>>> print(open('query-v9.txt').read())   # compact mmCIF, C-alpha atoms
# COMPACT_ATOMS: atom_id res chain seq x y z
CA MET A 176 13.59 26.66 -81.63
CA LEU A 177 13.62 29.39 -79.07
CA ASN A 178 16.32 31.12 -81.03
CA VAL A 179 14.28 31.08 -84.21
CA ARG A 180 11.38 32.58 -82.32
CA LYS A 181 13.60 35.21 -80.83
CA ILE A 182 14.93 36.10 -84.23
CA ILE A 183 11.42 36.38 -85.64
CA PHE A 184 10.35 38.56 -82.73
CA LEU A 185 13.37 40.75 -83.12
CA THR A 186 12.91 41.10 -86.86
CA VAL A 187 9.23 41.95 -86.53
CA GLY A 188 10.07 44.37 -83.75
CA LEU A 189 12.76 46.03 -85.79
CA LEU A 190 10.53 46.29 -88.83
CA ALA A 191 7.75 47.82 -86.77
CA PHE A 192 10.21 50.25 -85.26
CA ALA A 193 11.56 51.19 -88.68
CA ALA A 194 8.05 51.67 -90.03
CA ALA A 195 7.11 53.80 -87.04
CA THR A 196 10.19 56.01 -87.44
CA MET A 197 9.54 56.40 -91.13
CA ALA A 198 5.92 57.28 -90.50
CA PHE A 199 7.07 59.81 -87.93
CA ARG A 200 9.50 61.29 -90.43
CA THR A 201 7.04 61.60 -93.27
CA ALA A 202 4.32 62.87 -90.94
CA GLY A 203 6.22 66.16 -90.86
CA GLY A 204 2.96 67.89 -91.61
CA LEU A 205 0.28 68.27 -94.22
CA LYS A 206 1.44 67.85 -97.77
CA VAL A 207 -0.16 69.23 -100.89
CA GLY A 208 -3.11 66.93 -101.62
CA ASP A 209 -3.76 66.10 -97.95
CA LYS A 210 -7.02 67.04 -96.28
CA ALA A 211 -6.53 69.64 -93.55
CA PRO A 212 -8.38 69.38 -90.25
CA ASP A 213 -10.88 72.07 -89.31
CA PHE A 214 -10.47 73.77 -85.94
CA LYS A 215 -12.31 76.01 -83.52
CA LEU A 216 -10.28 78.96 -82.26
CA LYS A 217 -10.88 82.31 -80.63
CA ASN A 218 -10.72 85.35 -82.90
CA VAL A 219 -9.54 88.81 -81.82
CA ASP A 220 -13.25 89.78 -81.61
CA GLY A 221 -13.59 87.28 -78.73
CA LYS A 222 -15.77 84.84 -80.69
CA MET A 223 -14.92 81.27 -81.62
CA TYR A 224 -14.58 80.40 -85.32
CA SER A 225 -14.22 77.27 -87.40
CA LEU A 226 -13.38 77.23 -91.09
CA GLU A 227 -16.97 76.19 -91.71
CA ASP A 228 -18.16 79.47 -90.14
CA VAL A 229 -16.04 81.58 -92.48
CA LYS A 230 -17.68 83.61 -95.23
CA ASP A 231 -15.99 85.35 -98.13
CA ALA A 232 -16.27 89.09 -98.95
CA ASN A 233 -19.58 88.42 -100.73
CA GLY A 234 -21.05 86.72 -97.68
CA LYS A 235 -20.90 83.35 -99.39
CA LYS A 236 -19.36 80.05 -98.38
CA PRO A 237 -15.74 80.31 -99.54
CA LYS A 238 -14.28 78.41 -102.48
CA GLY A 239 -11.13 78.09 -100.44
CA TYR A 240 -9.21 79.37 -97.43
CA VAL A 241 -5.83 81.08 -97.18
CA VAL A 242 -4.77 79.77 -93.77
CA ILE A 243 -1.68 81.71 -92.65
CA PHE A 244 0.27 80.87 -89.50
CA THR A 245 1.60 84.26 -88.49
CA CYS A 246 2.24 86.33 -85.40
CA ASN A 247 2.90 89.82 -84.01
CA THR A 248 6.56 89.45 -83.21
CA CYS A 249 8.45 87.75 -86.02
CA PRO A 250 10.14 90.38 -88.24
CA TYR A 251 9.18 88.34 -91.31
CA ALA A 252 5.54 88.24 -90.22
CA VAL A 253 5.64 91.99 -89.58
CA MET A 254 7.09 92.63 -93.05
CA TYR A 255 4.14 90.71 -94.49
CA GLU A 256 1.35 92.37 -92.44
CA ASP A 257 0.33 94.92 -95.06
CA ARG A 258 0.66 92.33 -97.79
CA ILE A 259 -1.63 89.94 -95.90
CA VAL A 260 -4.23 92.73 -95.54
CA ASP A 261 -3.99 93.29 -99.32
CA LEU A 262 -4.11 89.60 -100.09
CA HIS A 263 -7.32 89.22 -98.09
CA ARG A 264 -8.94 92.18 -99.85
CA LYS A 265 -8.15 90.78 -103.26
CA LEU A 266 -8.73 87.10 -102.61
CA SER A 267 -11.76 87.24 -100.30
CA ALA A 268 -13.67 88.95 -103.11
CA LYS A 269 -12.81 85.97 -105.30
CA GLY A 270 -13.99 83.54 -102.63
CA TYR A 271 -10.69 82.84 -100.86
CA PRO A 272 -10.56 84.72 -97.52
CA VAL A 273 -7.45 84.83 -95.34
CA VAL A 274 -7.69 83.03 -92.00
CA ALA A 275 -4.68 83.99 -89.87
CA VAL A 276 -3.67 81.78 -86.94
CA GLN A 277 -1.20 82.89 -84.27
CA PRO A 278 0.59 79.75 -83.04
CA ASN A 279 3.21 81.06 -80.58
CA ASP A 280 3.01 80.41 -76.85
CA PRO A 281 2.70 83.85 -75.20
CA GLY A 282 4.45 82.36 -72.17
CA VAL A 283 7.56 82.17 -74.32
CA GLN A 284 6.81 85.15 -76.56
CA PRO A 285 4.81 87.73 -74.53
CA GLY A 286 4.39 89.97 -77.59
CA ASP A 287 2.05 87.33 -79.00
CA SER A 288 -0.52 87.36 -76.20
CA PHE A 289 -4.20 87.49 -77.10
CA ALA A 290 -4.39 91.12 -75.90
CA LYS A 291 -1.41 92.05 -78.08
CA MET A 292 -3.02 90.26 -81.02
CA GLN A 293 -6.16 92.35 -80.51
CA GLU A 294 -4.05 95.51 -80.41
CA ARG A 295 -2.22 94.66 -83.62
CA ALA A 296 -5.41 93.68 -85.43
CA LYS A 297 -6.98 97.04 -84.51
CA GLU A 298 -3.88 99.06 -85.35
CA LYS A 299 -3.43 97.40 -88.74
CA LYS A 300 -7.19 97.17 -89.40
CA PHE A 301 -7.11 93.43 -90.04
CA ASP A 302 -10.41 92.63 -91.74
CA PHE A 303 -9.72 88.90 -91.68
CA LEU A 304 -9.90 86.47 -88.78
CA TYR A 305 -6.85 86.57 -86.55
CA LEU A 306 -7.22 83.46 -84.42
CA PHE A 307 -5.26 82.41 -81.35
CA ASP A 308 -4.06 78.81 -81.28
CA ASP A 309 -4.50 78.73 -77.51
CA GLY A 310 -2.91 75.56 -76.14
CA GLN A 311 -1.03 75.08 -79.44
CA ARG A 312 -3.16 72.20 -80.68
CA VAL A 313 -3.75 73.31 -84.25
CA TYR A 314 -0.34 74.17 -85.68
CA PRO A 315 1.14 70.70 -84.94
CA GLN A 316 -1.77 69.07 -86.82
CA TYR A 317 -0.86 71.17 -89.85
CA GLY A 318 2.83 70.66 -89.28
CA ALA A 319 3.52 74.37 -89.48
CA ALA A 320 7.06 75.16 -88.40
CA ARG A 321 7.51 78.86 -88.96
CA THR A 322 5.82 82.22 -89.26
CA PRO A 323 4.62 83.23 -91.74
CA GLU A 324 3.60 79.96 -93.40
CA VAL A 325 0.63 79.53 -95.74
CA TYR A 326 -1.69 76.56 -96.31
CA LEU A 327 -4.04 77.29 -99.19
CA LEU A 328 -7.05 74.99 -98.85
CA ASP A 329 -9.83 74.42 -101.35
CA LYS A 330 -13.53 74.18 -100.38
CA ASP A 331 -13.02 70.54 -99.34
CA LEU A 332 -10.10 71.60 -97.11
CA VAL A 333 -7.58 69.88 -99.35
CA VAL A 334 -4.15 71.56 -99.30
CA ARG A 335 -3.49 72.95 -102.77
CA TYR A 336 -0.50 75.16 -102.02
CA HIS A 337 1.89 75.37 -99.08
CA GLY A 338 4.67 77.77 -98.15
CA ALA A 339 5.69 81.34 -98.88
CA ILE A 340 3.37 84.24 -99.74
CA ASP A 341 5.67 85.63 -102.42
CA ASP A 342 9.31 85.54 -103.48
CA ASN A 343 10.64 88.60 -101.70
CA ALA A 344 10.04 88.96 -97.98
CA GLN A 345 12.40 91.88 -97.60
CA ASP A 346 11.05 94.11 -100.33
CA ALA A 347 7.39 94.10 -101.34
CA ALA A 348 8.15 96.39 -104.29
CA ALA A 349 10.65 93.91 -105.71
CA VAL A 350 8.34 90.87 -105.64
CA GLN A 351 8.37 88.98 -108.91
CA THR A 352 6.12 86.04 -108.10
CA ASN A 353 3.02 86.12 -105.91
CA TYR A 354 2.82 82.43 -105.09
CA VAL A 355 -0.47 82.45 -103.17
CA ALA A 356 -2.30 84.73 -105.61
CA ASN A 357 -1.02 82.63 -108.52
CA ALA A 358 -2.11 79.42 -106.79
CA VAL A 359 -5.64 80.79 -106.35
CA ALA A 360 -5.69 81.81 -110.01
CA ALA A 361 -4.63 78.28 -111.00
CA ILE A 362 -7.38 76.68 -108.88
CA GLU A 363 -9.91 79.05 -110.43
CA LYS A 364 -8.83 77.81 -113.86
CA GLY A 365 -9.17 74.23 -112.74
CA GLN A 366 -5.41 73.71 -112.74
CA GLU A 367 -2.94 72.53 -110.15
CA PRO A 368 -0.90 75.37 -108.65
CA SER A 369 2.72 75.30 -109.74
CA PRO A 370 4.89 75.60 -107.75
CA ALA A 371 2.71 74.00 -105.09
CA ASP A 372 5.23 74.13 -102.24
CA VAL A 373 7.70 76.97 -101.70
CA LYS A 374 10.08 77.18 -98.78
CA ALA A 375 11.13 80.41 -97.12
CA ILE A 376 13.06 81.55 -94.08
CA GLY A 377 10.93 82.48 -91.10
CA CYS A 378 10.81 82.47 -87.33
CA SER A 379 10.43 79.18 -85.53
CA ILE A 380 7.09 78.73 -83.77
CA LYS A 381 7.67 79.34 -80.06
CA PHE A 382 6.69 76.61 -77.62
CA LYS A 383 7.64 75.66 -74.08
CA LYS A 384 10.42 73.12 -73.92
CA SER A 385 9.45 70.19 -71.77
CA MET B 916 26.24 120.60 -68.74
CA LYS B 917 24.81 117.12 -68.55
CA LYS B 918 24.46 117.05 -72.32
CA TRP B 919 28.12 117.93 -72.85
CA LEU B 920 29.19 115.28 -70.41
CA LEU B 921 27.13 112.72 -72.30
CA CYS B 922 28.57 113.85 -75.62
CA GLY B 923 32.05 113.63 -74.21
CA LEU B 924 31.40 110.13 -72.92
CA ALA B 925 29.90 109.06 -76.24
CA GLY B 926 32.90 110.48 -78.07
CA LEU B 927 35.33 108.78 -75.75
CA SER B 928 33.64 105.42 -76.09
CA TRP B 929 33.55 105.89 -79.86
CA MET B 930 37.30 106.50 -79.83
CA LEU B 931 37.85 103.43 -77.70
CA VAL B 932 35.85 101.28 -80.10
CA ALA B 933 37.54 102.89 -83.10
CA CYS B 934 41.00 102.22 -81.69
CA GLN B 935 40.25 98.57 -81.26
CA SER B 936 38.95 97.94 -84.73
CA SER B 937 41.22 97.46 -87.71
CA PRO B 938 42.70 100.65 -89.26
CA GLU B 939 40.77 100.55 -92.53
CA VAL B 940 37.47 100.26 -90.64
CA THR B 941 38.40 103.31 -88.56
CA ASN B 942 39.29 105.39 -91.59
CA GLU B 943 36.18 104.41 -93.48
CA SER B 944 33.75 104.98 -90.62
CA ALA B 945 35.21 108.43 -90.06
CA VAL B 946 34.12 109.61 -93.51
CA ALA B 947 31.22 107.41 -94.56
CA ALA B 948 27.96 107.17 -92.67
CA GLU B 949 27.24 103.84 -94.27
CA PRO B 950 30.32 101.67 -94.49
CA ALA B 951 31.09 100.10 -97.82
CA PRO B 952 30.93 96.29 -97.89
CA GLN B 953 34.73 95.89 -97.85
CA THR B 954 34.85 97.52 -94.42
CA LEU B 955 32.65 94.88 -92.85
CA PRO B 956 34.37 92.50 -90.46
CA PHE B 957 32.80 89.50 -92.23
CA ALA B 958 32.10 88.24 -95.74
CA VAL B 959 28.72 88.87 -97.38
CA TYR B 960 27.31 86.47 -99.96
CA ASP B 961 24.42 87.68 -102.06
CA ASN B 962 24.14 84.42 -103.95
CA PHE B 963 24.00 81.01 -102.33
CA SER B 964 25.78 79.35 -105.24
CA THR B 965 29.01 81.19 -104.40
CA LEU B 966 28.84 79.83 -100.84
CA GLU B 967 27.64 76.32 -101.62
CA HIS B 968 31.17 74.87 -101.35
CA LEU B 969 31.01 75.55 -97.60
CA PHE B 970 28.53 72.69 -97.27
CA HIS B 971 30.55 70.15 -99.23
CA TYR B 972 34.13 70.14 -98.02
CA ASN B 973 35.37 66.58 -98.16
CA ASN B 974 38.15 66.50 -95.56
CA ASP B 975 38.72 65.51 -91.94
CA THR B 976 37.53 68.82 -90.47
CA THR B 977 34.20 69.02 -88.67
CA TYR B 978 32.16 72.00 -89.82
CA ILE B 979 29.62 73.41 -87.39
CA ILE B 980 27.42 75.86 -89.26
CA ASN B 981 24.73 77.72 -87.35
CA PHE B 982 22.05 79.68 -89.21
CA TRP B 983 20.94 82.71 -87.23
CA ALA B 984 19.96 86.37 -87.42
CA THR B 985 20.18 89.31 -85.02
CA TRP B 986 16.36 89.53 -84.99
CA CYS B 987 15.99 85.86 -83.99
CA LYS B 988 15.70 85.65 -80.22
CA PRO B 989 16.36 81.91 -79.78
CA CYS B 990 19.35 82.23 -82.11
CA VAL B 991 20.91 84.95 -80.00
CA GLU B 992 20.14 82.94 -76.86
CA GLU B 993 22.10 79.92 -78.05
CA MET B 994 25.00 81.91 -79.47
CA PRO B 995 27.11 81.69 -76.28
CA TYR B 996 27.16 77.89 -76.73
CA PHE B 997 28.92 78.30 -80.06
CA GLU B 998 31.35 80.80 -78.59
CA GLN B 999 32.09 78.30 -75.82
CA LEU B 1000 32.49 75.54 -78.38
CA ILE B 1001 35.21 77.57 -80.13
CA GLN B 1002 37.32 77.34 -76.97
CA GLN B 1003 36.61 73.63 -76.66
CA VAL B 1004 37.67 72.74 -80.21
CA GLN B 1005 40.81 74.86 -80.27
CA GLY B 1006 43.66 72.89 -81.77
CA LYS B 1007 41.21 70.35 -83.16
CA LYS B 1008 40.11 70.03 -86.73
CA ALA B 1009 36.86 71.90 -86.41
CA ARG B 1010 35.40 75.15 -87.70
CA VAL B 1011 32.53 77.04 -86.16
CA ILE B 1012 30.66 79.33 -88.54
CA LEU B 1013 27.79 81.62 -87.62
CA LEU B 1014 25.92 82.10 -90.87
CA SER B 1015 23.75 85.18 -90.54
CA LEU B 1016 20.51 85.46 -92.50
CA ASP B 1017 20.00 89.08 -91.54
CA PHE B 1018 18.23 91.20 -94.12
CA LYS B 1019 20.45 92.88 -96.66
CA LYS B 1020 19.61 96.35 -95.39
CA ASP B 1021 20.57 95.37 -91.83
CA VAL B 1022 23.96 93.87 -92.70
CA PRO B 1023 26.06 97.08 -92.66
CA THR B 1024 24.23 98.42 -89.62
CA LYS B 1025 22.61 95.99 -87.16
CA LEU B 1026 24.69 92.94 -87.99
CA LYS B 1027 27.98 94.85 -88.07
CA ARG B 1028 27.19 96.45 -84.69
CA PHE B 1029 26.19 93.11 -83.21
CA VAL B 1030 29.36 91.35 -84.35
CA GLU B 1031 31.58 94.18 -83.15
CA GLN B 1032 29.90 94.67 -79.81
CA ARG B 1033 29.91 90.98 -78.98
CA ARG B 1034 33.45 90.49 -80.30
CA LEU B 1035 32.46 87.10 -81.60
CA GLU B 1036 35.21 84.51 -81.77
CA SER B 1037 33.32 82.37 -84.26
CA GLN B 1038 33.64 83.22 -87.92
CA VAL B 1039 30.61 85.18 -89.11
CA ILE B 1040 29.36 85.03 -92.68
CA ALA B 1041 26.30 86.89 -93.98
CA LEU B 1042 24.10 85.24 -96.60
CA THR B 1043 21.62 87.70 -98.10
CA ASP B 1044 20.21 85.58 -100.92
CA HIS B 1045 16.46 86.08 -100.49
CA ARG B 1046 15.52 83.47 -103.11
CA TYR B 1047 15.17 81.05 -100.21
CA ASP B 1048 13.34 78.40 -102.15
CA THR B 1049 16.34 77.95 -104.45
CA TRP B 1050 18.77 77.04 -101.68
CA ILE B 1051 17.05 75.85 -98.46
CA ASP B 1052 16.87 72.26 -99.73
CA LYS B 1053 20.57 72.35 -100.62
CA VAL B 1054 21.42 72.84 -96.95
CA ASP B 1055 19.04 70.08 -95.88
CA PRO B 1056 15.84 68.86 -97.56
CA SER B 1057 14.14 68.41 -94.18
CA TRP B 1058 14.59 72.10 -93.32
CA GLY B 1059 11.31 74.01 -93.46
CA GLY B 1060 12.99 77.43 -93.26
CA ALA B 1061 12.64 78.33 -89.57
CA ILE B 1062 15.74 79.42 -87.67
CA PRO B 1063 17.77 78.64 -85.65
CA VAL B 1064 19.10 75.51 -87.32
CA THR B 1065 22.57 74.01 -87.20
CA LEU B 1066 24.38 71.73 -89.61
CA ILE B 1067 27.30 69.68 -88.34
CA TYR B 1068 29.22 67.69 -90.93
CA LYS B 1069 32.48 65.95 -91.59
CA GLY B 1070 33.04 64.43 -95.02
CA GLN B 1071 29.89 62.50 -95.84
CA THR B 1072 28.54 62.37 -92.27
CA ARG B 1073 25.93 65.02 -91.66
CA LYS B 1074 23.72 65.96 -88.76
CA PHE B 1075 21.04 68.61 -89.14
CA ILE B 1076 19.52 70.06 -85.97
CA ASP B 1077 16.35 72.01 -86.64
CA GLN B 1078 15.88 73.60 -83.25
CA GLN B 1079 17.47 75.71 -80.58
CA PHE B 1080 20.01 73.99 -78.32
CA ALA B 1081 18.74 73.64 -74.77
CA SER B 1082 22.26 73.65 -73.31
CA TYR B 1083 25.93 73.86 -74.18
CA GLU B 1084 26.31 70.18 -73.30
CA GLU B 1085 23.77 69.23 -75.95
CA LEU B 1086 25.79 70.99 -78.65
CA GLU B 1087 29.12 69.70 -77.34
CA GLY B 1088 27.83 66.12 -77.24
CA LEU B 1089 26.75 66.27 -80.88
CA VAL B 1090 30.08 67.72 -82.00
CA LYS B 1091 32.04 65.15 -79.97
CA ALA B 1092 30.27 62.36 -81.83
CA PHE B 1093 32.10 63.57 -84.95
CA GLU B 1094 35.58 63.31 -83.43
>>> encode(input="query-v9.txt", output="structure tokens")
Amino acid sequence: MLNVRKIIFLTVGLLAFAAATMAFRTAGGLKVGDKAPDFKLKNVDGKMYSLEDVKDANGKKPKGYVVIFTCNTCPYAVMYEDRIVDLHRKLSAKGYPVVAVQPNDPGVQPGDSFAKMQERAKEKKFDFLYLFDDGQRVYPQYGAARTPEVYLLDKDLVVRYHGAIDDNAQDAAAVQTNYVANAVAAIEKGQEPSPADVKAIGCSIKFKKS
Amino acid sequence: MKKWLLCGLAGLSWMLVACQSSPEVTNESAVAAEPAPQTLPFAVYDNFSTLEHLFHYNNDTTYIINFWATWCKPCVEEMPYFEQLIQQVQGKKARVILLSLDFKKDVPTKLKRFVEQRRLESQVIALTDHRYDTWIDKVDPSWGGAIPVTLIYKGQTRKFIDQQFASYEELEGLVKAFE
């Protein structure tokens, strides 16, 4: 009798464990179709912003948000700086402003301190929000793993596209497909972006090892 | 005076380096400012499909493949562990490969310099295929694209490590599990 009970306990335990591991595995981050959490982070202008505070280039509530995890120091992020400025100019006018979030721990990567972010934003004339994920609470909720990494959200904060900005990090002139711009165009037409998830090489997000 | 001394020193050190590298590299670098690909001390693959076999050998050798780049700080930090591993697996059926994802333009310059200056024992291969989305999943579907990552495999057994190694022992332990 005791044995049967033990077996049942063990089986239930094992099943629960398996389920938990699987959940952990699939919870690798937001997937296309998931609702993204809003956040409140400090911008390079010193003020706190949430997605709900963001306005597009026409001063209206956006139709969507181009959330980009990016930083000062990653060579890939640097190669995309001018392209992100361009992207914001084009897309914010259509109702899809860029919201950049810097997720690295400046304790590990001093070039990504808030002061350095302010410097870069001024130097490159960022006219989009460049927010500091101080305490690194936001990027894990999104499941971002690298810089740069895009989450294109619609007005309801549903992820509609995830991944690379375009198909050629190393050479802006040789880009053939602008994934983010195309995804916005698809949403505008009432279609699903395709591809909706595009992987790319990038720098790992820097955090303190415990 | 100081300038001349510096020039002399630079020249001398250049000669020292030149003497140690293979003869064809020396000849080439003497005439060409930018070395042609065949003078590089490692293979360069512009298309993942021509390198894909590296991830599917079905034999009793353990392959330890580390994805890195000269611009990637954590990658460079953990590189000594792989160089130490080379010593450890000598005489065993294991291959350590440092697969560089340096940008194409940096391969003949930065990457070449890095490999030569560090005198890496591990085999270096450069993969410059920038159509990342076409091949990242073929290495491992769970890989999001951040580096460093390391793939250790033998036959059908695979282990994909998507972060920097904290210590040599951590890497060694994982490789030992394949023996």
>>> interface_residues(input="query-v9.txt", of="chain B", to="chain A", cutoff="7 Å", atoms="all atoms listed in the file", output="list in words")
Phe1018, His1045, Arg1046, Tyr1047, Asp1048, Gly1059, Gly1060, Ala1061 and Ile1062 of chain B
>>> residues_around(input="query-v9.txt", residues="Val276 of chain A", least_positions_apart="2", cutoff="6 Å", atoms="only C-alpha atoms", output="NGL selection string")
:A and (244 or 305-307)
>>> atom_distance(input="query-v9.txt", atom1="atom CA of Lys300 of chain A", atom2="atom CA of Gly282 of chain A")
25.5 Å
>>> closest_residue(input="query-v9.txt", among="A:Leu304, A:Pro272, A:Asn279, A:His337", to="Tyr317 of chain A", atoms="all atoms listed in the file")
A:His337
>>> axis_aligned_box(input="query-v9.txt", around="segment 346-364 of chain A", padding_each_side="6 Å", output="lines of an AutoDock Vina configuration file")
center_x = 0.6
center_y = 86.5
center_z = -107.1
size_x = 33.0
size_y = 31.7
size_z = 25.5
>>> residues_around(input="query-v9.txt", residues="Arg264 of chain A", least_positions_apart="5", cutoff="9 Å", atoms="only C-alpha atoms", output="number ranges by chain")
A: 232, 259, 272-273, 302-303
>>> atom_distance(input="query-v9.txt", atom1="atom CA of Gly208 of chain A", atom2="atom CA of Asp257 of chain A")
29.0 Å
>>> closest_residue(input="query-v9.txt", among="A:Gly318, A:Pro278, A:Gly365, A:Gly270", to="Lys235 of chain A", atoms="all atoms listed in the file")
A:Gly270
>>> closest_residue(input="query-v9.txt", among="B:Ile1012, B:Val1030, B:Ile980, B:Ile1040", to="Asp961 of chain B", atoms="only C-alpha atoms")
B:Ile1040
>>> closest_residue(input="query-v9.txt", among="B:Phe982, B:Phe970, B:Tyr996, B:Phe957", to="Gly1088 of chain B", atoms="all atoms listed in the file")
B:Tyr996
>>> residues_around(input="query-v9.txt", residues="Lys1069 of chain B", least_positions_apart="6", cutoff="7 Å", atoms="only C-alpha atoms", output="MDAnalysis selection string")
chainID B and resid 974:978
>>> atom_distance(input="query-v9.txt", atom1="atom CA of Gly1006 of chain B", atom2="atom CA of Lys1091 of chain B")
14.1 Å
>>> residues_around(input="query-v9.txt", residues="Tyr326 of chain A", least_positions_apart="2", cutoff="8 Å", atoms="all atoms listed in the file", output="list of chain:residue names")
A:Val241, A:Val242, A:Ile243, A:Glu324, A:Leu328, A:Val334, A:Arg335, A:Tyr336, A:His337, A:Gly338
>>> closest_residue(input="query-v9.txt", among="B:Leu955, B:Leu1016, B:Met994, B:Ala1092", to="Asp1044 of chain B", atoms="only C-alpha atoms")
B:Leu1016
>>> closest_residue(input="query-v9.txt", among="A:Asp220, A:Asp213, A:Asp280, A:Asp329", to="Gln293 of chain A", atoms="only C-alpha atoms")
A:Asp220
>>> residues_around(input="query-v9.txt", residues="Tyr1083 of chain B", least_positions_apart="5", cutoff="9 Å", atoms="only C-alpha atoms", output="JSON, numbers by chain")
{"B": [993, 995, 996, 997, 999, 1000, 1088]}
>>> residues_near_point(input="query-v9.txt", point="(15.2, 70.8, -85.6)", cutoff="7 Å", atoms="all atoms listed in the file", output="ChimeraX atom specification")
/B:1064,1076-1078
>>> residues_near_point(input="query-v9.txt", point="(19.3, 90.5, -84.5)", cutoff="9 Å", atoms="all atoms listed in the file", output="PDB file with C-alpha atoms, keeping the file's coordinate frame")
ATOM      1  CA  TRP B 983      20.940  82.710 -87.230  1.00  0.00           C
ATOM      2  CA  ALA B 984      19.960  86.370 -87.420  1.00  0.00           C
ATOM      3  CA  THR B 985      20.180  89.310 -85.020  1.00  0.00           C
ATOM      4  CA  TRP B 986      16.360  89.530 -84.990  1.00  0.00           C
ATOM      5  CA  CYS B 987      15.990  85.860 -83.990  1.00  0.00           C
ATOM      6  CA  LYS B 988      15.700  85.650 -80.220  1.00  0.00           C
ATOM      7  CA  CYS B 990      19.350  82.230 -82.110  1.00  0.00           C
ATOM      8  CA  VAL B 991      20.910  84.950 -80.000  1.00  0.00           C
ATOM      9  CA  ASP B1017      20.000  89.080 -91.540  1.00  0.00           C
ATOM     10  CA  ASP B1021      20.570  95.370 -91.830  1.00  0.00           C
ATOM     11  CA  LYS B1025      22.610  95.990 -87.160  1.00  0.00           C
ATOM     12  CA  LEU B1026      24.690  92.940 -87.990  1.00  0.00           C
ATOM     13  CA  PHE B1029      26.190  93.110 -83.210  1.00  0.00           C
TER      14      PHE B1029
END
